[in-house]
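The structure appears right after this line, and notes come after that.
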Amino acid sequence: MIGIRDIAYFIPEKRVSNYDKKEKFDITDEFIKNKIGVETVAVKELNDSSSSLCVKAFEKLQAKTGVDISEIEALIVVTQNPDFTIPQTSAIVHGLLDAPTHCASFDISLGCSGFVYALSILQSFMTANRMRKGLLFTSDQYSDIVDADDKNTTLIFGDAAAVTLLTDEPAYRSLDFSFGTIGKSHRELLCSDKTLFMNGRAIYNFACKVIPDDIRALLERNKLNTGDIDAYLFHQGSKFIVDTMTKRLELDSSKVVFDIYDYGNTISSSIPILLEKQPPAASGQKILISGFGVGLSWANAILERV
C-alpha cells in the first residue's frame with residue numbers, strides 16, 4: 001500500500017503586507033482579515049524558480065526524515081509556472097538533487113487541484129510499477145505573473161513549494177478520490193501574456209456551489225457523514241470561500257482549517273502545507289482534502305491515518 005509518509009514545505013521569508021495597500025485598493029482591515037484572510041503574502045527571491053523552491057522544500061524534508069535521494073524511484077512536480085517550456089521542471093529538480101538515473105520524472109500541469117490529482121496519480125504509478133519510494137513536489141511562484149495593480153490577485157497569492165514523501169510504509173492511506181472539470185469556464189482563471197487574470201466572483205460561485213455537492217457524494221459513496229471526518233483541509237482560496245463552504249456543508253467549524261494569514265494562497269502547495277501542520281492523529285482518524293480552482297477543476301480525497 002503506497003501512501004503519504006511525510007511532508008515538508010518551503011515558504012520564502014520575504015513578505016508584502018496587504019495593510020500597506022489599503023489606500024491603493026480602498027480596502028479595510030475587516031476585508032483583509034475576514035474576507036480574503038491574507039494579511040501578508042510570501043514572495044520569493046528574484047533568482048528563485050519552481051525548481052529551486054522544490055530543492056529548498058526537499059532540504060527541509062531531508063533534515064526532518066533523513067530520506068535518501070538514491071532510494072527515490074519516482075519524482076513528479078506539479079506546477080503551472082515551470083522554469084522553461086522545455087524541459088519539464090521535474091528533470092531539472094532530478095538533476096539538482098542528483099537523483100538516480102532509474103528514477104522516473106514527469107510534470108503535472110495543474111493548479112489548485114494539483115496536489116490531490118498528483119497524489120492519486122503517483123500512488124497508482126508507484127503501485128503499478130512496484131515502486132517503494134517517491135516524491136511529490138508542488139511549486140508555483142505566482143509573484144512572476146501577478147499584476148501588482150490587480151486587486152483580485154495581488155492581495156491573495158503567495159509563493160511556496162512543498163514535497164510529499166510517498167512510501168509503502170505510509171502514515172496516511174487514501175480511501176477514495178473524486179474529480180471533476182468545468183473546462184468551458186477555463187477563462188475565469190487564466191494567465192495570458194505572462195499576466196494572471198482571475199474573475200473572483202466566478203471562482204467563488206464555482207467553489208461554493210459545485211464542491212460541497214461533490215464532497216457530499218464522496219462521503220455518501222464511502223458510507224460516511226460529515227461528522228465522521230476529523231479534519232477538513234480545503235484549498236485556501238480565501239477565508240470567505242472556506243467559511244462559505246463550511247456553512248453550506250454544515251460542518252463543525254472547529255474541524256475546518258484556515259491558515260494563510262501570514263503567507264497567502266499558495267496554489268497546489270496549500271493542502272500539503274496544511275497537512276504537514278496537522279497534529280499527530282490516532283490510527284483510523286480521517287481527513288478530507290479538497291483542491292479546486294484553475295481549469296476549472298477540482299479533486300477531493302479522504303485520507304485515513306494508518
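By order in the C-alpha cells, chains are A, B, ...; within a chain, residues start at 1; ligands start at 1, following the order shown.
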
Mind running segment 64-156 of chain A against segment 256-269 of chain A at 9 Å and telling me each contacting residue's nearest atom pair with the distance in Å (one decimal), counting only C-alpha atoms, chain and number ascending, as CSV?
```
residue,atom,partner,partner_atom,distance
A:Val78,CA,A:Ser268,CA,7.2
A:Thr79,CA,A:Ser268,CA,7.6
A:Leu110,CA,A:Ser268,CA,7.7
A:Gly111,CA,A:Ser268,CA,5.4
A:Cys112,CA,A:Ser268,CA,4.5
A:Ser113,CA,A:Ser268,CA,6.4
A:Gly114,CA,A:Ser268,CA,5.3
A:Phe115,CA,A:Ser268,CA,5.5
A:Val116,CA,A:Ser268,CA,8.6
A:Phe137,CA,A:Ser269,CA,8.5
A:Thr138,CA,A:Ser269,CA,5.4
A:Ser139,CA,A:Ser269,CA,6.6
A:Asp140,CA,A:Ile267,CA,6.9
A:Gln141,CA,A:Thr266,CA,8.2
A:Tyr142,CA,A:Thr266,CA,8.3
A:Leu155,CA,A:Gly264,CA,8.1
A:Ile156,CA,A:Gly264,CA,5.5
```

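Contact shell of Pro279 of chain A at 12 Å (only C-alpha atoms; same-chain neighbours under 4 positions omitted): A:Asp230, A:Ala231, A:Val257, A:Leu274, A:Leu275, A:Gln285, A:Ile287, A:Arg305.
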
Same residues, C-alpha atoms, output as a PDB file, in the first residue's frame:
```
ATOM      1  CA  ASP A 230     -11.907  14.571  11.882  1.00  0.00           C
ATOM      2  CA  ALA A 231     -10.465  17.470   9.856  1.00  0.00           C
ATOM      3  CA  VAL A 257      -8.577  24.562   8.972  1.00  0.00           C
ATOM      4  CA  LEU A 274      -1.933  22.364   5.974  1.00  0.00           C
ATOM      5  CA  LEU A 275      -1.492  18.592   6.166  1.00  0.00           C
ATOM      6  CA  GLN A 285      -8.751   9.228  12.074  1.00  0.00           C
ATOM      7  CA  ILE A 287      -9.045  13.869   6.916  1.00  0.00           C
ATOM      8  CA  ARG A 305      -4.310   7.698   9.484  1.00  0.00           C
TER       9      ARG A 305
END
```

Determine which residues of segment 149-188 of chain A DSSP labels as strand (DSSP E or B) from the backbone of this structure, then write them out as a PyMOL selection string.
-> chain A and resi 157+160-167+172-181

Keeping C-alpha atoms, export the residues of the selection given above as a compact mmCIF listing (two decimals), in the first residue's frame.
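Output saved as again-v7.txt:
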```txt
# COMPACT_ATOMS: atom_id res chain seq x y z
CA PHE A 157 -1.38 34.73 -3.96
CA ALA A 160 5.77 28.39 -1.81
CA ALA A 161 6.75 24.79 -2.54
CA ALA A 162 6.07 21.51 -0.77
CA VAL A 163 7.31 17.95 -1.09
CA THR A 164 5.44 14.84 -0.03
CA LEU A 165 7.23 11.55 0.55
CA LEU A 166 5.20 8.54 -0.59
CA THR A 167 6.25 5.08 0.57
CA TYR A 172 -1.82 8.19 5.71
CA ARG A 173 -3.56 5.98 3.20
CA SER A 174 -6.07 7.22 0.63
CA LEU A 175 -9.55 5.74 0.96
CA ASP A 176 -11.16 7.32 -2.12
CA PHE A 177 -10.96 10.21 -4.60
CA SER A 178 -13.35 12.25 -6.71
CA PHE A 179 -12.50 14.54 -9.62
CA GLY A 180 -14.17 16.99 -11.96
CA THR A 181 -13.67 19.71 -14.57
```

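Shell of segment 12-25 of chain A at 9 Å, with only C-alpha atoms counted and residues fewer than 2 places along the chain excluded, is Phe10, Ile27, Thr28, Asp29, Ile32, Val38, Glu39, Thr40, Val41, Ala42, Val43, Lys44, Glu45, Leu53, Asp149, Asp150, Lys151, Thr154, Leu155, Ile156, Gly158, Asp159, Ala160, Asp262 and Tyr263 of chain A.
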
Of the candidates A:Glu59, A:Asp214, A:Asp98, A:Asp48, which shows the shortest atom-to-atom distance to Glu71 of chain A, using only C-alpha atoms?
-> A:Asp98

Which residues come within 9 Å of segment 188-195 of chain A, counting only C-alpha atoms, excluding same-chain residues fewer than 4 positions away, as a ChimeraX atom specification?
-> /A:144-147,199-200,202-203,293-296

Selected residues, N, CA and C atoms, written as a PDB file, in the first residue's frame, please.
```pdb
ATOM      1  N   ASP A 144       5.587  35.988 -10.171  1.00  0.00           N
ATOM      2  CA  ASP A 144       6.112  36.263 -11.513  1.00  0.00           C
ATOM      3  C   ASP A 144       5.020  36.668 -12.503  1.00  0.00           C
ATOM      4  N   ILE A 145       3.769  36.341 -12.188  1.00  0.00           N
ATOM      5  CA  ILE A 145       2.695  36.598 -13.160  1.00  0.00           C
ATOM      6  C   ILE A 145       1.581  37.487 -12.617  1.00  0.00           C
ATOM      7  N   VAL A 146       1.641  37.846 -11.340  1.00  0.00           N
ATOM      8  CA  VAL A 146       0.609  38.700 -10.749  1.00  0.00           C
ATOM      9  C   VAL A 146       0.872  40.160 -11.099  1.00  0.00           C
ATOM     10  N   ASP A 147      -0.179  40.866 -11.477  1.00  0.00           N
ATOM     11  CA  ASP A 147      -0.122  42.301 -11.736  1.00  0.00           C
ATOM     12  C   ASP A 147      -0.281  43.026 -10.396  1.00  0.00           C
ATOM     13  N   ASN A 199     -11.389  36.012 -12.308  1.00  0.00           N
ATOM     14  CA  ASN A 199     -12.737  36.507 -12.032  1.00  0.00           C
ATOM     15  C   ASN A 199     -13.122  35.982 -10.649  1.00  0.00           C
ATOM     16  N   GLY A 200     -12.895  36.796  -9.641  1.00  0.00           N
ATOM     17  CA  GLY A 200     -13.087  36.362  -8.262  1.00  0.00           C
ATOM     18  C   GLY A 200     -14.490  35.875  -7.967  1.00  0.00           C
ATOM     19  N   ALA A 202     -16.668  34.556 -10.081  1.00  0.00           N
ATOM     20  CA  ALA A 202     -16.895  33.275 -10.744  1.00  0.00           C
ATOM     21  C   ALA A 202     -16.216  32.135  -9.986  1.00  0.00           C
ATOM     22  N   ILE A 203     -15.012  32.370  -9.494  1.00  0.00           N
ATOM     23  CA  ILE A 203     -14.308  31.336  -8.739  1.00  0.00           C
ATOM     24  C   ILE A 203     -15.027  31.056  -7.425  1.00  0.00           C
ATOM     25  N   GLY A 293      -9.953  25.002  -8.405  1.00  0.00           N
ATOM     26  CA  GLY A 293      -9.511  26.276  -8.975  1.00  0.00           C
ATOM     27  C   GLY A 293      -9.251  26.183 -10.456  1.00  0.00           C
ATOM     28  N   VAL A 294      -8.010  26.494 -10.856  1.00  0.00           N
ATOM     29  CA  VAL A 294      -7.637  26.614 -12.267  1.00  0.00           C
ATOM     30  C   VAL A 294      -8.196  25.462 -13.089  1.00  0.00           C
ATOM     31  N   GLY A 295      -8.849  25.807 -14.207  1.00  0.00           N
ATOM     32  CA  GLY A 295      -9.302  24.735 -15.092  1.00  0.00           C
ATOM     33  C   GLY A 295     -10.666  24.881 -15.775  1.00  0.00           C
ATOM     34  N   LEU A 296     -11.681  25.098 -15.076  1.00  0.00           N
ATOM     35  CA  LEU A 296     -11.857  24.967 -13.635  1.00  0.00           C
ATOM     36  C   LEU A 296     -11.896  23.488 -13.275  1.00  0.00           C
TER      37      LEU A 296
END
```

Can you pull out every residue within 8 Å of Phe106 of chain A, counting only C-alpha atoms, but drop anything in the same chain fewer than 2 positions away, and send it as a PyMOL selection string?
-> chain A and resi 75-77+88-91+104+108
